[in-house]
Amino acid sequence: MTTSSSDRGVSLGMPELPAPPYPDDVRARLEADARDIVARYPDSRSALLPLLHLVQSEEGHVTRTGMQFCADVLGLTTAEVTAVATFYTMYRRRKSGDYQVGVCTNTLCAVMGGDAIFEALQEYLGVGNGETTDDGKITLEHIECNAACDFAPVVMVNWEFFDNQTVQSVKRLVDDLRTGGEVSPTRGAPLCTFKDTARILAGFPDERPGAVEASGSAGPASLVGLRLARGEAAPARVVHPREEPEDARPTDTVTEEGE
């Protein structure tokens, strides 16, 4: 079978046709939401980031139609909107899954098992980086630091944390995501679909019962330094080497408090 250049995604230098418009009912609904978003800012163009999340919540990624909509609402050119949409990795440029599974492969997570997890998931799901499973459930990607190094290796699903993961635990995780099993993040709000997440990021309230109350902050390990600085934690003390026998320890060890 012959594969055309368009099937392979090869550009022949021909200009693209104008983006197709949203259906009238969809555009009317998005325009109402857009008015709410724009009203939050003294300068309308400052609303571009949440507007991109809004159009992403409609189709699961930022389409040419979505970018044209943002340009129309804000009085910008499509080039200006595209420059922003292609800069931030949270905006997807092609169809993606209900659950964005991101494996941190930055230095600490990588050496703690992140590289092994990412490689295992590629084989287990049969997809590469940035690709989506055939059932449309999961898009897999490796991501940069999630600022949770004390919980390495870290996996995120739709930006919610799954800490201290292993190859076995992430396989169970993606199985549950694909079959509709109960999945709870280590910290933060319960999971919702990527489209729902995008709408929340656009600044609209999360109306799921208990979701706001369940939202968490940094875990205890991340807050040790802050607690020490505030004097809320016990003072540091000298700890003997683990391998040293109990009867070999000196009795006049000086603590940091000068005792």
# chains A, B, ... in the order shown; residues from 1 in each chain; ligands from 1

$ closest_atom_pairs --of "region 47-163 of chain A" --to "region 194-198 of chain A" --cutoff "8 Å" --atoms "only C-alpha atoms" --output "tab-separated table"
residue	atom	partner	partner_atom	distance
A:His53	CA	A:Ala198	CA	5.1
A:Leu54	CA	A:Ala198	CA	6.5
A:Gln56	CA	A:Ala198	CA	6.3
A:Ser57	CA	A:Lys195	CA	4.2
A:Glu58	CA	A:Lys195	CA	6.7
A:Glu59	CA	A:Lys195	CA	7.3
A:Gly60	CA	A:Lys195	CA	5.3
A:Gly97	CA	A:Phe194	CA	7.5
A:Asp98	CA	A:Phe194	CA	5.2
A:Tyr99	CA	A:Phe194	CA	5.7
A:Gln100	CA	A:Phe194	CA	6.9
A:Asn158	CA	A:Phe194	CA	5.8

$ residues_around --residues "region 79-84 of chain A" --least-positions-apart "5" --cutoff "12 Å" --atoms "only C-alpha atoms" --output "PyMOL selection string"
chain A and resi 45-53+62-74+89-93

$ select_by_dssp --residues "region 102-185 of chain A" --states "strand (DSSP E)" --output "ChimeraX atom specification"
/A:102-104,131-132,138-143,155-157,160-162

$ closest_residue --among "A:Leu173, A:Met112, A:Val157, A:Leu201" --to "Leu140 (chain A)" --atoms "only C-alpha atoms"
A:Val157

$ select_by_dssp --residues "region 8-74 of chain A" --states "alpha helix (DSSP H)" --output "ChimeraX atom specification"
/A:24-38,48-59,64-74

$ closest_residue --among "A:Leu30, A:Ile143, A:Cys192, A:Ile138" --to "Thr179 (chain A)" --atoms "only C-alpha atoms"
A:Ile138
